[in-house]
Amino acid sequence: MTALPLLASFRRVVVKVGSALLVDRDKSRLRRAWLAALAEDIGELVANGAEVIVVSSGAIALGRTVLGFSNGALRLEESQACAAVGQIALARVWSEALAHEGITAGQVLLTLGDTEQRRRYLNARATLGKLLELRAVPVVNENDTVATAEIRYGDNDRLAARVATMAGADCLILLSDVDGLYDSPPGESPDAKLISLVERVTPRIEKMAGSPASEFARGGMRTKLEAARIASGAGMHMVIANGRHANPLKRIAERGPCTWFLTSSTPRAARKTFIAATLEPKGVLVIDAGAVRALEGGKSLLAAGIKRIEGEFARGDAVLIRGPNGTEVGRGLVGYDAVDARRIIGHSTEEILSILGAGARAEVIHRDDLALAAA
Ligand code: GLU
């Protein structure tokens, strides 16, 4: 039997926290003690050297109390107004709870477009990467105040899976109000059994999550399985656990009840497959022999090593990289559009700063965005 993963073995962990955990349904109040205990668990992961990103719901739930909406359904503009009010409070409570563990929090609000369009994707990813490098914990939510029906996630399970993909995380934790996936809906059958390990999301597993029309459909097990599919495609393991208990991450680490969804890949390999096989190259960068060696040694592609550029492309597009004799060296997501790239090729970092101004980067393709052709 396949062994269950160890929580302590992960380097970059995304923890998704649902509204029902943070906000007391009846009293619509924040569950402070619970949050403090979760922050303690996060502090423990960070102390062990892991990088942590939080994806937290709760803006709408917190805001609706303040604005005096009862428990019924909200219209879109109402939920946007609630999110506007609640997000301020949400960011503050996270900031305070993490500060208590000596951790700095940074608020990141994303829309669907920020994770789906490659140019904006690179921007959001760079911000998350910088926050982590600075040892801060990004606290992410959907930017509900500007997200309308067609352009919104609407549920933070899939948002969390996308954020985790974008950040190259190796583990996604979905804290929910159930222990995990049961072989039949636990509310309906008394002998429903918890599944502790899912190696692949098959149609049989999907059936266990209930029909799309059931009450589980949104933010429920269906969206969690969708998140599991995104996670496994992106090379990370995912776990669903009951966040209702105090110290829920510790509980996962100590092998409490939960459901693990495994991947057979790694974030790096999955990303390379995506770049190499899925994306249509929009242009070609011809590089010199020194740059070929640098790439093979695991470095990023710098402007200085590029001899020629063919085609028109935008930042975030896939491009082909060819060596001096024309052979394909690899493919990558380019950090500059073709116009700017043409202006800086052959130049050093300092020269690039004077050509493009402050903030310009010497990397035309970051090593995380490169897939080298097999040697
Ligand atoms: N973004 C929403 C909020 O913060 C929640 C979405 C979800 O719970 O899945 O209120």
# chains A, B, ... in the order shown; residues from 1 in each chain; ligands from 1

call {"tool": "residues_around", "arguments": {"residues": "segment 231-247 of chain A", "least_positions_apart": "4", "cutoff": "9 Å", "atoms": "only C-alpha atoms", "output": "compact mmCIF listing (two decimals) with all heavy atoms, in the first residue's frame"}}
result
# COMPACT_ATOMS: atom_id res chain seq x y z
N PRO A 5 1.70 10.75 2.73
CA PRO A 5 2.78 11.74 2.80
C PRO A 5 2.93 12.31 4.21
O PRO A 5 1.99 12.30 5.00
CB PRO A 5 2.31 12.84 1.84
CG PRO A 5 1.20 12.26 1.05
CD PRO A 5 0.60 11.17 1.86
N VAL A 17 -8.56 28.07 3.91
CA VAL A 17 -9.45 28.11 5.07
C VAL A 17 -10.83 28.57 4.61
O VAL A 17 -10.97 29.66 4.04
CB VAL A 17 -8.89 29.09 6.12
CG1 VAL A 17 -9.80 29.15 7.33
CG2 VAL A 17 -7.48 28.68 6.51
N GLY A 18 -11.85 27.77 4.86
CA GLY A 18 -13.22 28.11 4.45
C GLY A 18 -13.89 29.07 5.43
O GLY A 18 -13.52 29.13 6.60
N ALA A 20 -16.80 28.96 6.84
CA ALA A 20 -17.52 28.36 7.97
C ALA A 20 -16.59 28.08 9.15
O ALA A 20 -17.03 27.94 10.28
CB ALA A 20 -18.19 27.07 7.52
N LEU A 21 -15.28 27.99 8.87
CA LEU A 21 -14.33 27.74 9.96
C LEU A 21 -13.99 29.02 10.69
O LEU A 21 -13.83 29.05 11.91
CB LEU A 21 -13.05 27.13 9.40
CG LEU A 21 -13.21 25.77 8.73
CD1 LEU A 21 -11.89 25.33 8.13
CD2 LEU A 21 -13.70 24.76 9.75
N ALA A 33 -10.16 32.09 18.86
CA ALA A 33 -9.29 31.09 19.50
C ALA A 33 -8.86 30.05 18.47
O ALA A 33 -7.69 29.62 18.44
CB ALA A 33 -10.04 30.43 20.65
N TRP A 34 -9.80 29.68 17.61
CA TRP A 34 -9.49 28.69 16.59
C TRP A 34 -8.42 29.22 15.64
O TRP A 34 -7.45 28.53 15.30
CB TRP A 34 -10.77 28.34 15.81
CG TRP A 34 -10.49 27.38 14.70
CD1 TRP A 34 -10.40 26.03 14.78
CD2 TRP A 34 -10.22 27.72 13.34
NE1 TRP A 34 -10.09 25.50 13.57
CE2 TRP A 34 -9.97 26.51 12.65
CE3 TRP A 34 -10.15 28.92 12.62
CZ2 TRP A 34 -9.67 26.47 11.31
CZ3 TRP A 34 -9.85 28.87 11.27
CH2 TRP A 34 -9.62 27.66 10.62
N LEU A 35 -8.60 30.50 15.23
CA LEU A 35 -7.65 31.11 14.30
C LEU A 35 -6.26 31.19 14.95
O LEU A 35 -5.24 30.93 14.30
CB LEU A 35 -8.13 32.49 13.88
CG LEU A 35 -7.19 33.25 12.93
CD1 LEU A 35 -6.98 32.47 11.64
CD2 LEU A 35 -7.73 34.64 12.60
N ALA A 36 -6.24 31.53 16.25
CA ALA A 36 -4.95 31.63 16.95
C ALA A 36 -4.24 30.27 16.93
O ALA A 36 -3.02 30.20 16.72
CB ALA A 36 -5.18 32.10 18.38
N ALA A 37 -5.02 29.20 17.11
CA ALA A 37 -4.41 27.86 17.11
C ALA A 37 -3.91 27.48 15.71
O ALA A 37 -2.84 26.86 15.56
CB ALA A 37 -5.41 26.83 17.62
N LEU A 38 -4.66 27.87 14.69
CA LEU A 38 -4.21 27.60 13.33
C LEU A 38 -2.93 28.38 13.03
O LEU A 38 -1.98 27.85 12.43
CB LEU A 38 -5.31 27.97 12.31
CG LEU A 38 -4.90 27.86 10.84
CD1 LEU A 38 -4.51 26.44 10.46
CD2 LEU A 38 -6.02 28.34 9.92
N ALA A 39 -2.91 29.63 13.49
CA ALA A 39 -1.71 30.46 13.27
C ALA A 39 -0.49 29.80 13.94
O ALA A 39 0.62 29.82 13.41
CB ALA A 39 -1.93 31.87 13.81
N GLU A 40 -0.74 29.18 15.10
CA GLU A 40 0.32 28.45 15.80
C GLU A 40 0.86 27.31 14.92
O GLU A 40 2.07 27.14 14.78
CB GLU A 40 -0.33 27.80 17.02
CG GLU A 40 0.30 28.01 18.35
CD GLU A 40 -0.66 27.41 19.39
OE1 GLU A 40 -0.78 26.17 19.48
OE2 GLU A 40 -1.31 28.23 20.06
N ASP A 41 -0.07 26.57 14.31
CA ASP A 41 0.33 25.48 13.40
C ASP A 41 1.14 26.01 12.23
O ASP A 41 2.11 25.39 11.80
CB ASP A 41 -0.92 24.78 12.82
CG ASP A 41 -1.61 23.89 13.84
OD1 ASP A 41 -1.13 23.80 14.97
OD2 ASP A 41 -2.63 23.28 13.47
N ALA A 161 -6.24 26.02 -5.48
CA ALA A 161 -5.48 25.10 -6.34
C ALA A 161 -4.70 25.88 -7.40
O ALA A 161 -3.55 25.55 -7.70
CB ALA A 161 -6.42 24.10 -7.00
N ARG A 162 -5.31 26.94 -7.93
CA ARG A 162 -4.62 27.77 -8.93
C ARG A 162 -3.46 28.53 -8.31
O ARG A 162 -2.39 28.65 -8.89
CB ARG A 162 -5.58 28.77 -9.57
CG ARG A 162 -6.55 28.15 -10.50
CD ARG A 162 -5.86 27.72 -11.80
NE ARG A 162 -6.83 27.11 -12.67
CZ ARG A 162 -6.56 26.12 -13.51
NH1 ARG A 162 -5.35 25.60 -13.56
NH2 ARG A 162 -7.49 25.64 -14.28
N ALA A 164 -1.80 27.67 -5.71
CA ALA A 164 -0.76 26.69 -5.39
C ALA A 164 0.02 26.33 -6.65
O ALA A 164 1.25 26.19 -6.61
CB ALA A 164 -1.39 25.46 -4.76
N THR A 165 -0.67 26.19 -7.77
CA THR A 165 -0.01 25.89 -9.04
C THR A 165 0.93 27.02 -9.42
O THR A 165 2.10 26.81 -9.77
CB THR A 165 -1.05 25.73 -10.17
OG1 THR A 165 -2.00 24.76 -9.78
CG2 THR A 165 -0.40 25.33 -11.47
N GLY A 168 4.01 27.11 -7.49
CA GLY A 168 4.83 25.91 -7.52
C GLY A 168 4.86 25.20 -6.17
O GLY A 168 5.87 24.62 -5.77
N ALA A 169 3.72 25.22 -5.45
CA ALA A 169 3.64 24.57 -4.13
C ALA A 169 3.71 23.06 -4.29
O ALA A 169 3.37 22.53 -5.35
CB ALA A 169 2.34 24.96 -3.44
N ASP A 170 4.18 22.36 -3.26
CA ASP A 170 4.17 20.90 -3.33
C ASP A 170 3.05 20.28 -2.51
O ASP A 170 2.85 19.08 -2.55
CB ASP A 170 5.55 20.29 -3.00
CG ASP A 170 6.15 20.83 -1.72
OD1 ASP A 170 5.47 21.60 -1.02
OD2 ASP A 170 7.30 20.48 -1.42
N CYS A 171 2.32 21.11 -1.76
CA CYS A 171 1.19 20.56 -1.00
C CYS A 171 0.07 21.59 -0.86
O CYS A 171 0.33 22.76 -0.59
CB CYS A 171 1.66 20.12 0.38
SG CYS A 171 0.36 19.44 1.42
N LEU A 172 -1.14 21.13 -1.07
CA LEU A 172 -2.33 21.99 -0.90
C LEU A 172 -3.20 21.37 0.18
O LEU A 172 -3.55 20.20 0.12
CB LEU A 172 -3.10 22.06 -2.23
CG LEU A 172 -4.50 22.67 -2.21
CD1 LEU A 172 -4.45 24.14 -1.77
CD2 LEU A 172 -5.15 22.57 -3.59
N ILE A 173 -3.51 22.17 1.20
CA ILE A 173 -4.35 21.68 2.29
C ILE A 173 -5.69 22.40 2.24
O ILE A 173 -5.73 23.64 2.31
CB ILE A 173 -3.68 21.97 3.67
CG1 ILE A 173 -2.31 21.31 3.73
CG2 ILE A 173 -4.58 21.50 4.81
CD1 ILE A 173 -1.53 21.64 5.01
N LEU A 174 -6.77 21.66 2.08
CA LEU A 174 -8.09 22.28 2.11
C LEU A 174 -8.72 21.99 3.46
O LEU A 174 -9.05 20.85 3.77
CB LEU A 174 -8.98 21.72 1.00
CG LEU A 174 -8.54 21.90 -0.45
CD1 LEU A 174 -9.60 21.34 -1.41
CD2 LEU A 174 -8.27 23.37 -0.79
N LEU A 175 -8.85 23.03 4.29
CA LEU A 175 -9.50 22.84 5.58
C LEU A 175 -10.99 23.09 5.39
O LEU A 175 -11.40 24.15 4.92
CB LEU A 175 -8.93 23.80 6.62
CG LEU A 175 -7.48 23.55 7.01
CD1 LEU A 175 -7.03 24.55 8.05
CD2 LEU A 175 -7.28 22.12 7.52
N SER A 176 -11.76 22.09 5.76
CA SER A 176 -13.18 22.12 5.47
C SER A 176 -13.96 21.77 6.73
O SER A 176 -13.36 21.67 7.81
CB SER A 176 -13.38 21.10 4.35
OG SER A 176 -14.66 20.61 4.33
N ASP A 177 -15.28 21.57 6.62
CA ASP A 177 -15.99 21.16 7.82
C ASP A 177 -16.37 19.68 7.77
O ASP A 177 -17.20 19.21 8.53
CB ASP A 177 -17.21 22.06 8.09
CG ASP A 177 -18.10 22.16 6.86
OD1 ASP A 177 -17.81 21.47 5.86
OD2 ASP A 177 -19.08 22.93 6.91
N VAL A 178 -15.72 18.94 6.86
CA VAL A 178 -15.85 17.47 6.89
C VAL A 178 -14.45 16.87 7.01
O VAL A 178 -13.47 17.53 6.70
CB VAL A 178 -16.52 16.92 5.60
CG1 VAL A 178 -17.98 17.28 5.55
CG2 VAL A 178 -15.79 17.41 4.36
N ASP A 179 -14.40 15.60 7.44
CA ASP A 179 -13.09 14.96 7.63
C ASP A 179 -12.37 14.69 6.32
O ASP A 179 -11.16 14.52 6.29
CB ASP A 179 -13.26 13.63 8.38
CG ASP A 179 -13.45 13.86 9.88
OD1 ASP A 179 -13.16 14.98 10.34
OD2 ASP A 179 -13.90 12.93 10.56
N GLY A 180 -13.13 14.61 5.23
CA GLY A 180 -12.52 14.30 3.95
C GLY A 180 -13.57 13.69 3.03
O GLY A 180 -14.76 13.96 3.20
N LEU A 181 -13.11 12.86 2.10
CA LEU A 181 -14.02 12.24 1.14
C LEU A 181 -14.53 10.90 1.71
O LEU A 181 -13.73 10.07 2.14
CB LEU A 181 -13.29 12.00 -0.18
CG LEU A 181 -14.09 11.31 -1.28
CD1 LEU A 181 -15.18 12.22 -1.81
CD2 LEU A 181 -13.17 10.86 -2.42
N ARG A 200 -5.83 8.54 -7.68
CA ARG A 200 -6.25 9.20 -8.90
C ARG A 200 -7.74 9.51 -8.82
O ARG A 200 -8.51 8.69 -8.30
CB ARG A 200 -5.99 8.28 -10.11
CG ARG A 200 -5.38 9.01 -11.29
CD ARG A 200 -4.61 8.03 -12.18
NE ARG A 200 -5.39 6.84 -12.47
CZ ARG A 200 -6.30 6.76 -13.44
NH1 ARG A 200 -6.56 7.79 -14.21
NH2 ARG A 200 -6.95 5.65 -13.65
N LYS A 224 -13.91 20.49 -4.52
CA LYS A 224 -12.68 19.98 -3.92
C LYS A 224 -12.02 18.95 -4.83
O LYS A 224 -10.80 18.90 -4.95
CB LYS A 224 -12.96 19.41 -2.53
CG LYS A 224 -13.25 20.52 -1.55
CD LYS A 224 -13.48 20.06 -0.15
CE LYS A 224 -13.65 21.26 0.77
NZ LYS A 224 -14.66 22.23 0.32
N GLU A 226 -12.35 18.98 -8.04
CA GLU A 226 -11.78 19.76 -9.14
C GLU A 226 -10.41 20.31 -8.72
O GLU A 226 -9.45 20.31 -9.48
CB GLU A 226 -12.70 20.92 -9.48
CG GLU A 226 -13.29 20.82 -10.85
CD GLU A 226 -14.21 21.99 -11.10
OE1 GLU A 226 -13.72 23.04 -11.52
OE2 GLU A 226 -15.42 21.83 -10.83
N ALA A 227 -10.36 20.79 -7.49
CA ALA A 227 -9.08 21.28 -6.96
C ALA A 227 -8.05 20.15 -6.95
O ALA A 227 -6.89 20.35 -7.29
CB ALA A 227 -9.28 21.84 -5.55
N ARG A 251 -3.06 18.17 13.53
CA ARG A 251 -3.86 16.95 13.45
C ARG A 251 -3.54 16.16 12.17
O ARG A 251 -3.47 14.93 12.19
CB ARG A 251 -5.33 17.35 13.48
CG ARG A 251 -6.29 16.26 13.84
CD ARG A 251 -7.59 16.86 14.36
NE ARG A 251 -8.55 15.82 14.64
CZ ARG A 251 -9.50 15.45 13.81
NH1 ARG A 251 -9.62 16.04 12.64
NH2 ARG A 251 -10.34 14.49 14.14
N ILE A 252 -3.32 16.88 11.08
CA ILE A 252 -2.93 16.19 9.84
C ILE A 252 -1.55 15.56 10.02
O ILE A 252 -1.32 14.40 9.68
CB ILE A 252 -2.89 17.17 8.64
CG1 ILE A 252 -4.26 17.76 8.38
CG2 ILE A 252 -2.36 16.47 7.39
CD1 ILE A 252 -4.28 18.89 7.35
N GLY A 256 -4.24 12.34 11.91
CA GLY A 256 -5.68 12.35 12.19
C GLY A 256 -6.45 12.05 10.93
O GLY A 256 -5.87 11.96 9.85
N PRO A 257 -7.78 11.88 11.04
CA PRO A 257 -8.57 11.55 9.86
C PRO A 257 -8.50 12.65 8.79
O PRO A 257 -8.59 13.84 9.12
CB PRO A 257 -10.01 11.44 10.39
CG PRO A 257 -9.98 11.95 11.77
CD PRO A 257 -8.57 11.99 12.26
N CYS A 258 -8.30 12.25 7.55
CA CYS A 258 -8.27 13.20 6.44
C CYS A 258 -8.19 12.39 5.14
O CYS A 258 -8.06 11.16 5.20
CB CYS A 258 -7.08 14.16 6.54
SG CYS A 258 -5.47 13.38 6.53
N THR A 259 -8.32 13.05 4.01
CA THR A 259 -8.15 12.36 2.72
C THR A 259 -7.00 12.98 1.95
O THR A 259 -7.01 14.18 1.66
CB THR A 259 -9.43 12.46 1.86
OG1 THR A 259 -10.54 11.96 2.60
CG2 THR A 259 -9.28 11.66 0.58
N TRP A 260 -6.02 12.16 1.62
CA TRP A 260 -4.89 12.61 0.79
C TRP A 260 -5.16 12.28 -0.67
O TRP A 260 -5.62 11.18 -0.98
CB TRP A 260 -3.60 11.91 1.20
CG TRP A 260 -2.93 12.48 2.41
CD1 TRP A 260 -3.03 12.00 3.69
CD2 TRP A 260 -2.07 13.63 2.46
NE1 TRP A 260 -2.29 12.79 4.53
CE2 TRP A 260 -1.69 13.80 3.81
CE3 TRP A 260 -1.61 14.53 1.51
CZ2 TRP A 260 -0.86 14.83 4.22
CZ3 TRP A 260 -0.78 15.57 1.90
CH2 TRP A 260 -0.41 15.70 3.25
N PHE A 261 -4.87 13.23 -1.54
CA PHE A 261 -4.92 13.00 -2.99
C PHE A 261 -3.50 13.11 -3.50
O PHE A 261 -2.87 14.15 -3.35
CB PHE A 261 -5.79 14.06 -3.68
CG PHE A 261 -7.23 13.99 -3.31
CD1 PHE A 261 -7.70 14.53 -2.13
CD2 PHE A 261 -8.15 13.37 -4.16
CE1 PHE A 261 -9.05 14.47 -1.79
CE2 PHE A 261 -9.50 13.30 -3.83
CZ PHE A 261 -9.93 13.85 -2.63
N LEU A 262 -3.00 12.02 -4.07
CA LEU A 262 -1.58 12.01 -4.45
C LEU A 262 -1.37 12.43 -5.90
O LEU A 262 -2.26 12.35 -6.73
CB LEU A 262 -1.00 10.62 -4.25
CG LEU A 262 -1.09 10.07 -2.83
CD1 LEU A 262 -0.27 8.79 -2.73
CD2 LEU A 262 -0.61 11.08 -1.79
N THR A 263 -0.16 12.85 -6.18
CA THR A 263 0.24 13.12 -7.55
C THR A 263 1.43 12.22 -7.86
O THR A 263 2.16 11.83 -6.94
CB THR A 263 0.64 14.59 -7.73
OG1 THR A 263 1.03 14.79 -9.09
CG2 THR A 263 1.81 14.99 -6.85
N SER A 264 1.61 11.91 -9.14
CA SER A 264 2.78 11.09 -9.46
C SER A 264 3.89 11.98 -10.01
O SER A 264 4.93 11.51 -10.44
CB SER A 264 2.41 10.01 -10.48
OG SER A 264 1.73 10.63 -11.55
N SER A 265 3.64 13.30 -10.00
CA SER A 265 4.62 14.22 -10.59
C SER A 265 5.19 15.15 -9.51
O SER A 265 4.93 14.98 -8.34
CB SER A 265 3.90 15.02 -11.67
OG SER A 265 4.80 15.84 -12.36
N THR A 266 5.98 16.13 -9.95
CA THR A 266 6.46 17.18 -9.04
C THR A 266 6.08 18.51 -9.68
O THR A 266 5.85 18.57 -10.89
CB THR A 266 8.00 17.14 -8.91
OG1 THR A 266 8.55 17.43 -10.20
CG2 THR A 266 8.50 15.81 -8.42
N PRO A 267 6.04 19.61 -8.89
CA PRO A 267 5.66 20.89 -9.47
C PRO A 267 6.54 21.26 -10.66
O PRO A 267 6.07 21.72 -11.69
CB PRO A 267 5.86 21.88 -8.32
CG PRO A 267 5.76 21.07 -7.09
CD PRO A 267 6.27 19.70 -7.44
N ARG A 268 7.83 21.00 -10.53
CA ARG A 268 8.77 21.37 -11.59
C ARG A 268 8.52 20.56 -12.87
O ARG A 268 8.39 21.11 -13.95
CB ARG A 268 10.20 21.14 -11.07
CG ARG A 268 11.28 21.55 -12.02
CD ARG A 268 12.59 21.68 -11.28
NE ARG A 268 12.70 23.01 -10.72
CZ ARG A 268 13.45 23.97 -11.26
NH1 ARG A 268 14.17 23.72 -12.32
NH2 ARG A 268 13.51 25.15 -10.72
N ALA A 269 8.40 19.25 -12.70
CA ALA A 269 8.17 18.39 -13.87
C ALA A 269 6.85 18.74 -14.53
O ALA A 269 6.76 18.79 -15.76
CB ALA A 269 8.21 16.92 -13.45
N ALA A 270 5.81 18.98 -13.71
CA ALA A 270 4.49 19.28 -14.26
C ALA A 270 4.53 20.58 -15.05
O ALA A 270 3.95 20.71 -16.13
CB ALA A 270 3.46 19.36 -13.14
N ARG A 271 5.24 21.55 -14.52
CA ARG A 271 5.33 22.84 -15.19
C ARG A 271 6.08 22.71 -16.52
O ARG A 271 5.71 23.28 -17.52
CB ARG A 271 6.03 23.81 -14.24
CG ARG A 271 6.03 25.20 -14.76
CD ARG A 271 6.21 26.21 -13.65
NE ARG A 271 6.31 27.53 -14.23
CZ ARG A 271 5.27 28.22 -14.66
NH1 ARG A 271 4.06 27.71 -14.55
NH2 ARG A 271 5.43 29.39 -15.20
N PHE A 274 3.90 21.16 -19.06
CA PHE A 274 2.93 22.17 -19.52
C PHE A 274 3.57 23.09 -20.55
O PHE A 274 3.04 23.33 -21.62
CB PHE A 274 2.44 22.92 -18.28
CG PHE A 274 1.66 24.18 -18.57
CD1 PHE A 274 0.39 24.10 -19.12
CD2 PHE A 274 2.19 25.42 -18.27
CE1 PHE A 274 -0.33 25.24 -19.36
CE2 PHE A 274 1.47 26.58 -18.52
CZ PHE A 274 0.20 26.50 -19.07

call {"tool": "closest_atom_pairs", "arguments": {"of": "chain A", "to": "ligand 1", "cutoff": "8 Å", "atoms": "only C-alpha atoms and all ligand atoms", "output": "tab-separated table"}}
result
residue	atom	partner	partner_atom_place_in_ligand_line	distance
A:Gly18	CA	ligand 1	8 (O)	5.4
A:Ser19	CA	ligand 1	8 (O)	5.4
A:Ser56	CA	ligand 1	4 (O)	6.5
A:Ser57	CA	ligand 1	4 (O)	3.5
A:Gly58	CA	ligand 1	4 (O)	4.1
A:Ala59	CA	ligand 1	4 (O)	3.8
A:Ile60	CA	ligand 1	10 (O)	3.7
A:Ala61	CA	ligand 1	10 (O)	5.6
A:Leu62	CA	ligand 1	10 (O)	7.7
A:Ala83	CA	ligand 1	10 (O)	6.1
A:Gly86	CA	ligand 1	10 (O)	7.8
A:Gln87	CA	ligand 1	4 (O)	7.1
A:Asn141	CA	ligand 1	1 (N)	5.6
A:Glu142	CA	ligand 1	1 (N)	4.9
A:Asn143	CA	ligand 1	1 (N)	7.2
A:Asp144	CA	ligand 1	1 (N)	5.9
A:Tyr153	CA	ligand 1	6 (C)	7.9
A:Gly154	CA	ligand 1	6 (C)	5.4
A:Asp155	CA	ligand 1	9 (O)	3.1
A:Asn156	CA	ligand 1	9 (O)	3.7
A:Asp157	CA	ligand 1	9 (O)	6.0
A:Gly219	CA	ligand 1	9 (O)	5.4

call {"tool": "select_by_dssp", "arguments": {"residues": "segment 83-259 of chain A", "states": "helix (DSSP H, G or I)", "output": "VMD selection string"}}
result
chain A and resid 83 to 99 112 to 116 118 to 133 149 to 151 156 to 166 203 to 208 221 to 233 248 to 253

call {"tool": "atom_distance", "arguments": {"atom1": "atom CA of Ser354 of chain A", "atom2": "atom CA of Gly323 of chain A"}}
result
27.6 Å

call {"tool": "atom_distance", "arguments": {"atom1": "atom CA of Lys272 of chain A", "atom2": "atom CA of Gly106 of chain A"}}
result
28.8 Å

call {"tool": "atom_distance", "arguments": {"atom1": "atom CA of Ala47 of chain A", "atom2": "atom CA of Val137 of chain A"}}
result
12.5 Å

call {"tool": "select_by_dssp", "arguments": {"residues": "segment 184-347 of chain A", "states": "strand (DSSP E)", "output": "PyMOL selection string"}}
result
chain A and resi 197-198+237-242+258-261+284-287+301-302+306-310+318-322+328-333

call {"tool": "closest_residue", "arguments": {"among": "A:Gly357, A:Val46, A:Val292, A:Lys299", "to": "Gly326 of chain A", "atoms": "only C-alpha atoms"}}
result
A:Val292

call {"tool": "residues_around", "arguments": {"residues": "Arg152 of chain A", "least_positions_apart": "5", "cutoff": "7 Å", "atoms": "only C-alpha atoms", "output": "ChimeraX atom specification"}}
result
/A:111-112,147

call {"tool": "write_last_selection", "arguments": {"atoms": "N, CA and C atoms", "output": "PDB file, in the first residue's frame"}}
result
ATOM      1  N   THR A 111      -8.162  37.996  -9.096  1.00  0.00           N
ATOM      2  CA  THR A 111      -9.345  37.645  -9.881  1.00  0.00           C
ATOM      3  C   THR A 111      -8.975  36.460 -10.764  1.00  0.00           C
ATOM      4  N   LEU A 112      -9.976  35.887 -11.395  1.00  0.00           N
ATOM      5  CA  LEU A 112      -9.752  34.750 -12.289  1.00  0.00           C
ATOM      6  C   LEU A 112      -8.682  35.077 -13.334  1.00  0.00           C
ATOM      7  N   ALA A 147     -15.097  41.079  -8.891  1.00  0.00           N
ATOM      8  CA  ALA A 147     -15.323  39.848  -9.649  1.00  0.00           C
ATOM      9  C   ALA A 147     -16.811  39.675  -9.918  1.00  0.00           C
TER      10      ALA A 147
END

call {"tool": "residues_around", "arguments": {"residues": "Leu131 of chain A", "least_positions_apart": "2", "cutoff": "12 Å", "atoms": "only C-alpha atoms", "output": "ChimeraX atom specification"}}
result
/A:51-53,103-108,124-129,133-140,167

call {"tool": "closest_residue", "arguments": {"among": "A:Leu109, A:Pro203, A:Gly305, A:Met208", "to": "Ser189 of chain A", "atoms": "only C-alpha atoms"}}
result
A:Met208

call {"tool": "closest_residue", "arguments": {"among": "A:Ala277, A:Leu30, A:Ala304, A:Ala314", "to": "Gly290 of chain A", "atoms": "only C-alpha atoms"}}
result
A:Ala304

call {"tool": "closest_residue", "arguments": {"among": "A:Leu333, A:Leu90, A:Ala97, A:Ile42", "to": "Val319 of chain A", "atoms": "only C-alpha atoms"}}
result
A:Leu333

call {"tool": "closest_residue", "arguments": {"among": "A:Val284, A:Phe69, A:Lys130, A:Gly43", "to": "Ala99 of chain A", "atoms": "only C-alpha atoms"}}
result
A:Gly43

call {"tool": "residues_around", "arguments": {"residues": "Ala318 of chain A", "least_positions_apart": "2", "cutoff": "12 Å", "atoms": "only C-alpha atoms", "output": "ChimeraX atom specification"}}
result
/A:118-119,272,274-285,311-316,320-321,330-338,364-365,369-371
